[in-house]
Every structure is written in structure tokens, then in C-alpha cells.
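Chemist: CSV, C-alpha atoms, saved as query_35.csv, coming up:
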chain,number,residue,atom,x,y,z
H,11,MET,CA,15.2,81.6,-57.3
H,12,THR,CA,14.4,80.2,-53.9
H,13,LEU,CA,17.4,79.7,-51.5
H,14,TYR,CA,17.8,76.8,-49.1
H,15,SER,CA,20.2,75.9,-46.3
H,16,LEU,CA,21.1,72.5,-45.0
H,17,SER,CA,19.4,71.1,-42.0
H,18,PRO,CA,21.7,71.0,-38.9
H,19,GLU,CA,22.0,67.2,-39.1
H,20,VAL,CA,22.9,67.1,-42.8
H,21,GLU,CA,25.3,69.9,-42.4
H,22,LYS,CA,27.1,68.1,-39.6
H,23,ARG,CA,27.4,65.0,-41.7
H,24,LEU,CA,28.7,66.8,-44.8
H,25,ARG,CA,31.2,68.9,-42.7
H,26,GLY,CA,32.8,65.6,-41.7
H,27,LEU,CA,33.3,64.9,-45.4
H,28,SER,CA,34.3,68.5,-46.4
H,29,GLY,CA,37.4,67.3,-48.3
H,30,LEU,CA,35.6,64.5,-50.0
H,31,PRO,CA,33.0,65.9,-52.4
H,32,LEU,CA,32.4,62.6,-54.1
H,33,GLU,CA,31.0,61.3,-50.9
H,34,TRP,CA,28.5,64.1,-50.4
H,35,ALA,CA,25.7,62.6,-52.6
H,36,PRO,CA,26.1,59.1,-51.2
H,37,ALA,CA,26.0,60.5,-47.6
H,38,LEU,CA,22.8,62.5,-48.4
H,39,LEU,CA,21.2,59.4,-49.9
H,40,ARG,CA,22.1,57.4,-46.8
H,41,TYR,CA,20.5,60.1,-44.6
H,42,LEU,CA,17.3,60.0,-46.6
H,43,GLN,CA,17.2,56.2,-46.5
H,44,GLU,CA,17.7,56.3,-42.7
H,45,GLU,CA,14.8,58.8,-42.4
H,46,GLU,CA,12.5,56.8,-44.5
H,47,SER,CA,13.1,53.6,-42.5
H,48,SER,CA,12.9,55.4,-39.2
H,49,ALA,CA,10.0,54.5,-36.9
H,50,ASP,CA,9.8,58.1,-35.9
H,51,ASP,CA,7.0,59.9,-37.8
H,52,SER,CA,8.7,63.3,-37.4
H,53,HIS,CA,11.0,63.0,-40.4
H,54,CYS,CA,13.6,65.8,-40.7
H,55,GLN,CA,13.9,67.7,-44.0
H,56,PRO,CA,17.4,67.8,-45.4
H,57,PHE,CA,17.0,71.3,-46.8
H,58,LEU,CA,15.4,74.3,-45.1
H,59,GLU,CA,13.9,77.1,-47.2
H,60,LEU,CA,15.1,80.5,-46.4
H,61,HIS,CA,11.8,82.3,-46.5
H,62,GLY,CA,11.9,85.8,-47.9
H,63,CYS,CA,15.4,85.3,-49.3
H,64,ASP,CA,14.5,84.7,-53.0
H,65,VAL,CA,16.9,86.2,-55.5
H,66,GLU,CA,16.5,87.3,-59.1
H,67,TRP,CA,19.2,86.7,-61.6
H,68,ARG,CA,19.9,89.1,-64.5
H,69,PRO,CA,22.6,89.3,-67.2
H,70,ASP,CA,23.2,93.0,-66.4
H,71,PRO,CA,24.7,94.3,-63.1
H,72,ASP,CA,23.0,96.9,-60.9
H,73,PRO,CA,25.5,99.8,-61.0
H,74,GLU,CA,24.9,100.4,-57.3
H,75,ARG,CA,24.2,97.0,-55.8
H,76,HIS,CA,27.0,95.3,-57.8
H,77,ALA,CA,29.5,98.2,-57.6
H,78,TYR,CA,32.0,95.7,-56.2
H,79,ALA,CA,32.2,93.9,-59.6
H,80,TYR,CA,33.8,96.9,-61.3
H,81,GLY,CA,37.5,97.6,-61.5
H,82,HIS,CA,38.8,94.0,-61.3
H,83,ARG,CA,41.9,93.4,-63.4
H,84,GLN,CA,40.6,90.1,-64.9
H,85,LEU,CA,36.9,89.8,-64.3
H,86,GLN,CA,34.4,92.1,-66.1
H,87,PRO,CA,30.9,92.6,-64.8
H,88,ASP,CA,29.4,92.2,-68.3
H,89,ASP,CA,30.7,88.7,-68.4
H,90,ALA,CA,28.8,87.6,-65.3
H,91,HIS,CA,25.2,87.0,-64.2
H,92,HIS,CA,24.2,89.0,-61.2
H,93,ALA,CA,21.4,88.6,-58.6
H,94,VAL,CA,19.8,90.7,-55.9
H,95,MET,CA,17.2,89.8,-53.3
H,96,VAL,CA,13.7,90.1,-54.6
H,97,ASN,CA,12.6,91.9,-51.5
H,98,GLY,CA,15.8,93.9,-51.1
H,99,GLU,CA,16.5,92.3,-47.7
H,100,ALA,CA,14.9,89.7,-45.3
H,101,THR,CA,14.7,89.2,-41.5
H,102,ILE,CA,15.0,85.5,-40.7
H,103,PRO,CA,15.9,83.2,-37.8
H,104,SER,CA,19.6,83.2,-37.2
H,105,LEU,CA,21.2,79.8,-38.1
H,106,MET,CA,24.3,80.5,-36.0
H,107,ASN,CA,22.5,81.9,-33.0
H,108,PRO,CA,19.2,80.0,-32.6
H,109,GLY,CA,16.4,81.9,-31.0
H,110,SER,CA,17.4,85.3,-32.4
H,111,MET,CA,16.6,87.0,-35.7
H,112,ILE,CA,19.0,88.6,-38.2
H,113,ARG,CA,18.5,91.0,-41.1
H,114,VAL,CA,20.2,89.7,-44.3
H,115,VAL,CA,21.2,91.7,-47.4
H,116,ASP,CA,22.8,89.9,-50.3
H,117,GLU,CA,24.1,90.5,-53.8
H,118,LEU,CA,25.6,87.7,-56.0
H,119,SER,CA,27.7,87.6,-59.1
H,120,LEU,CA,28.5,84.5,-61.1
H,121,TRP,CA,31.2,84.1,-63.7
H,122,GLU,CA,32.3,80.9,-65.4
H,123,ASP,CA,34.9,80.1,-62.8
H,124,ASP,CA,34.2,82.7,-60.1
H,125,PHE,CA,31.4,83.2,-57.6
H,126,TRP,CA,31.1,86.4,-55.5
H,127,ILE,CA,28.7,86.7,-52.6
H,128,ASN,CA,28.2,90.1,-51.0
H,129,ASP,CA,26.5,88.7,-47.9
H,130,ARG,CA,25.9,90.9,-44.8
H,131,GLY,CA,24.0,90.3,-41.6
H,132,PHE,CA,22.7,93.0,-39.2
H,133,ASP,CA,21.0,93.1,-35.8
H,134,PRO,CA,17.3,93.9,-36.8
H,135,ASP,CA,16.8,96.0,-33.6
H,136,THR,CA,20.0,98.0,-33.3
H,137,GLY,CA,21.3,97.8,-36.9
H,138,ASP,CA,24.7,96.6,-35.6
H,139,PHE,CA,26.9,94.7,-38.1
H,140,VAL,CA,26.9,91.0,-37.4
H,141,TYR,CA,28.9,89.5,-40.3
H,142,GLY,CA,30.2,90.2,-43.7
H,143,ASN,CA,32.6,92.8,-45.0
H,144,GLN,CA,31.9,96.3,-43.8
H,145,ARG,CA,33.8,97.8,-46.7
H,146,GLY,CA,31.5,96.3,-49.4
H,147,MET,CA,34.0,93.6,-50.4
H,148,PRO,CA,32.2,90.3,-51.2
H,149,TYR,CA,33.3,86.8,-50.5
H,150,GLN,CA,35.3,85.8,-53.6
H,151,MET,CA,35.3,82.1,-54.5
H,152,ARG,CA,37.2,80.6,-57.5
H,153,ARG,CA,36.8,77.2,-59.1
H,154,VAL,CA,39.6,74.9,-57.9
H,155,SER,CA,38.3,71.5,-59.0
H,156,SER,CA,35.5,69.9,-61.0
H,157,LEU,CA,33.6,66.6,-60.9
H,158,VAL,CA,34.0,64.9,-64.2
H,159,PRO,CA,33.2,61.5,-65.8
H,160,LEU,CA,35.9,58.8,-65.2
H,161,ASP,CA,36.5,58.8,-69.0
H,162,ASP,CA,36.8,62.5,-69.3
H,163,GLU,CA,39.6,63.1,-71.9
H,164,LYS,CA,40.9,66.1,-69.9
H,165,ASP,CA,41.4,63.9,-66.8
H,166,ASN,CA,44.9,62.5,-66.9
H,167,GLY,CA,44.3,60.5,-63.7
H,168,ASP,CA,47.2,62.0,-61.8
H,169,ASP,CA,45.2,64.8,-60.0
H,170,ALA,CA,41.9,63.0,-59.7
H,171,GLU,CA,40.2,61.2,-56.9
H,172,GLU,CA,37.7,58.3,-57.4
H,173,SER,CA,34.7,57.9,-55.2
H,174,SER,CA,35.4,55.1,-52.7
H,175,SER,CA,31.8,54.5,-51.7
H,176,SER,CA,30.1,53.7,-55.0
H,177,SER,CA,31.6,53.1,-58.5
H,178,SER,CA,28.1,53.7,-59.9
H,179,TRP,CA,28.7,57.5,-59.7
H,180,LEU,CA,31.5,57.1,-62.3
H,181,LEU,CA,33.0,60.5,-61.4
H,182,ARG,CA,36.4,61.8,-60.6
H,183,ARG,CA,37.5,65.1,-59.1
H,184,ARG,CA,39.8,67.0,-61.4
H,185,ILE,CA,42.0,69.8,-60.2
H,186,ASP,CA,41.5,72.9,-62.4
H,187,ASN,CA,43.6,75.4,-60.5
H,188,GLU,CA,46.9,74.0,-59.2
H,189,SER,CA,47.8,77.3,-57.5
H,190,LEU,CA,44.8,76.9,-55.2
H,191,ALA,CA,44.9,73.1,-54.7
H,192,TRP,CA,46.2,73.7,-51.2
H,193,THR,CA,42.7,74.9,-50.1
H,194,LEU,CA,41.3,71.4,-50.8
H,195,GLY,CA,42.6,69.8,-47.6
H,196,ASP,CA,45.5,68.0,-46.0
H,197,ASP,CA,45.8,65.5,-49.0
H,198,HIS,CA,46.7,68.4,-51.2
H,199,ARG,CA,49.3,70.2,-49.1
H,200,SER,CA,51.9,69.9,-46.4
H,201,SER,CA,51.8,71.9,-43.2
H,202,GLU,CA,54.6,74.1,-44.4
H,203,GLU,CA,52.7,74.9,-47.7
H,204,TYR,CA,49.6,75.6,-45.7
H,205,ASN,CA,51.3,78.0,-43.3
H,206,ALA,CA,53.1,79.8,-46.1
H,207,ALA,CA,49.9,80.2,-48.1
H,208,MET,CA,48.0,81.6,-45.0
H,209,GLU,CA,50.9,83.8,-44.2
H,210,ALA,CA,50.8,85.3,-47.7
H,211,ILE,CA,47.1,86.2,-47.5
H,212,GLY,CA,47.2,87.3,-43.9
H,213,GLY,CA,44.8,84.6,-42.7
H,214,ALA,CA,44.1,83.3,-39.2
H,215,SER,CA,47.2,81.2,-38.9
H,216,ALA,CA,49.3,84.2,-39.9
H,217,LYS,CA,47.9,86.1,-36.9
H,218,MET,CA,48.5,83.2,-34.6
H,219,ASN,CA,52.0,82.7,-35.8
H,220,ALA,CA,52.7,86.4,-35.3
H,221,LYS,CA,51.6,86.1,-31.7
H,222,GLU,CA,53.8,83.1,-31.1
H,223,LYS,CA,56.8,84.9,-32.5
H,224,LYS,CA,56.5,87.8,-30.0
Could you quickly redo this structure as C-alpha cells?

Modeler:
Amino acid sequence: MTLYSLSPEVEKRLRGLSGLPLEWAPALLRYLQEEESSADDSHCQPFLELHGCDVEWRPDPDPERHAYAYGHRQLQPDDAHHAVMVNGEATIPSLMNPGSMIRVVDELSLWEDDFWINDRGFDPDTGDFVYGNQRGMPYQMRRVSSLVPLDDEKDNGDDAEESSSSSSWLLRRRIDNESLAWTLGDDHRSSEEYNAAMEAIGGASAKMNAKEKK
């Protein structure tokens, strides 16, 4: 499977709508329409291929590459699909530090409601760690909400958001995990709830609050 990243311009626009997933597709369409109508011949591509970063998905985990998937209390490795990079690793232009290169090593695991990404980056010359977890712990993401049809029988209307830009999408956002709804943005939490949640997981705000208390 070929992997892509967003172009800087598209990423900027979507980041401004990070808490409004129903607006992402209309925003992308507006961008494409602007590019098509532009007098400039150098049209920008919305997606950039990450050359050399293709991954291969398999139903069985690699005991070594996917060792992180074993020992979880709820998730079992045999219930997921797993991927490794076809070439093992890739050295590509850095998206965060233009003009420099970075060596990327990835493993992926996908369950029905969980997606783990063991993504690490290294300096190709020195081997120094640039990003990722040095203890082999992947980024762990869990489904919090879903986009469902407006007439979805599971959608009671109380926890859903309708697209404001175009009723033609006929979609709503349904909250699937109330315990993590606070991660969806300011509309789903108070400042007190956010600070308490970040304190519980030892996040950035917890460290800042600790400094302020000293």
C-alpha cells in the first residue's frame, strides 16, 4: 500500500478545521476547485507520495516487528491486521525540517476500533533518535467517533453534529466512546475537564501546571 502525506497548504487548511471532520471533504473540494480555476499553471497536488514508504498488510503479526502488540489486557494481536514497510525502512525528505533527510522505520497494527503506529525517525548520518518512542511503544489511537448517515438508527441525535456547509453529505458525527469525547475539542469539554484528563495521563498541561504550582 502506498502512503501519502498532505501538501503543506491542504494540511494548513484542515488543521484549522481539526475539530470539524464533516468540513474536511468540502474544504478539500474547495481547494481543488480553486486550483482548477487558477490562472497559475503550476497546480499544487493535495497529496504527496511518500516514496519508498510502501507498507504491506498481513493478517499475522511479525513476532519481532510487532512485539508491542502482545501482552495487552484487551487487544489480541491475532484480532488485528499488521503492516511493515516493504523495504524495511526509508530515507526521505523531512516534512518538519525542510532541506534535511530523515530515516523512517514503521510498523502498523489495525484492530476494529484501535490503530497503533510504531513510527520512529532517525538522523540518517548519525543514527540519533529524532522522534517516536525509544522504548518501542507505538502511538495508540482509539476510535472516539464515527461519521454515519443522518438516518442511522444508532444515532439518537443528542451526540451528533450535522455538517454546516452542505446538506448533500447527509452525514452526522456519532460519539462512540464517551470516556474519550474530551479529546474532540472545546465543544466536548470544559477547561476543568481538559486539565483533569491531562493531569491523569501526565500530559503537557500536567507538566506546565506542576511548574506553576512550584

Chemist: Which distance in Å separates atom CA of Asn97 of chain H and atom CA of Gly146 of chain H, to one decimal?

Modeler: 19.5 Å

Chemist: If you measure from atom CA of Arg153 of chain H to atom CA of Glu19 of chain H, what distance in Å do you get, rounded to one decimal?

Modeler: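 These two atoms are separated by 26.8 Å.
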
Chemist: Please indicate the distance in Å from atom CA of Asp70 of chain H to atom CA of Pro87 of chain H, rounded to one decimal place.

Modeler: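 Rounded to one decimal, the two atoms are 7.9 Å apart.
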
Chemist: Counting only C-alpha atoms, find the residues whose atoms lie at most 10 Å from (20.3, 76.1, -51.3) (file coordinates) and write them out as a PyMOL selection string.

Modeler: chain H and resi 11-16+57-60

Chemist: For the interface of segment 99-124 of chain H with segment 134-145 of chain H (cut-off 12 Å, counting only C-alpha atoms), please tabulate each contacting residue of segment 99-124 of chain H alongside its nearest pair of atoms and their separation in Å to one decimal, rows sorted by chain and increasing number, as a tab-separated table.

Modeler:
residue	atom	partner	partner_atom	distance
H:Glu99	CA	H:Pro134	CA	11.0
H:Ala100	CA	H:Pro134	CA	9.8
H:Thr101	CA	H:Pro134	CA	7.1
H:Ile102	CA	H:Pro134	CA	9.5
H:Pro103	CA	H:Pro134	CA	10.8
H:Ser104	CA	H:Val140	CA	10.7
H:Met106	CA	H:Val140	CA	10.9
H:Asn107	CA	H:Val140	CA	11.0
H:Ser110	CA	H:Pro134	CA	9.7
H:Met111	CA	H:Pro134	CA	7.0
H:Ile112	CA	H:Pro134	CA	5.7
H:Arg113	CA	H:Pro134	CA	5.3
H:Val114	CA	H:Pro134	CA	9.1
H:Val115	CA	H:Gly142	CA	9.8
H:Asp116	CA	H:Gly142	CA	9.9
H:Glu117	CA	H:Gly142	CA	11.8

Chemist: With distances taken over all atoms listed in the file, which residue among H:Ala77, H:Gln55, H:Asp124, H:Ala35 lies nearest Asp89 of chain H?

Modeler: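 Residue with the minimum atom-to-atom distance to Asp89 of chain H: H:Asp124.
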
Chemist: Pick the closest to His61 of chain H from H:Leu32, H:Val158, H:Val96, H:Ala90: which is it, counting only C-alpha atoms?

Modeler: H:Val96
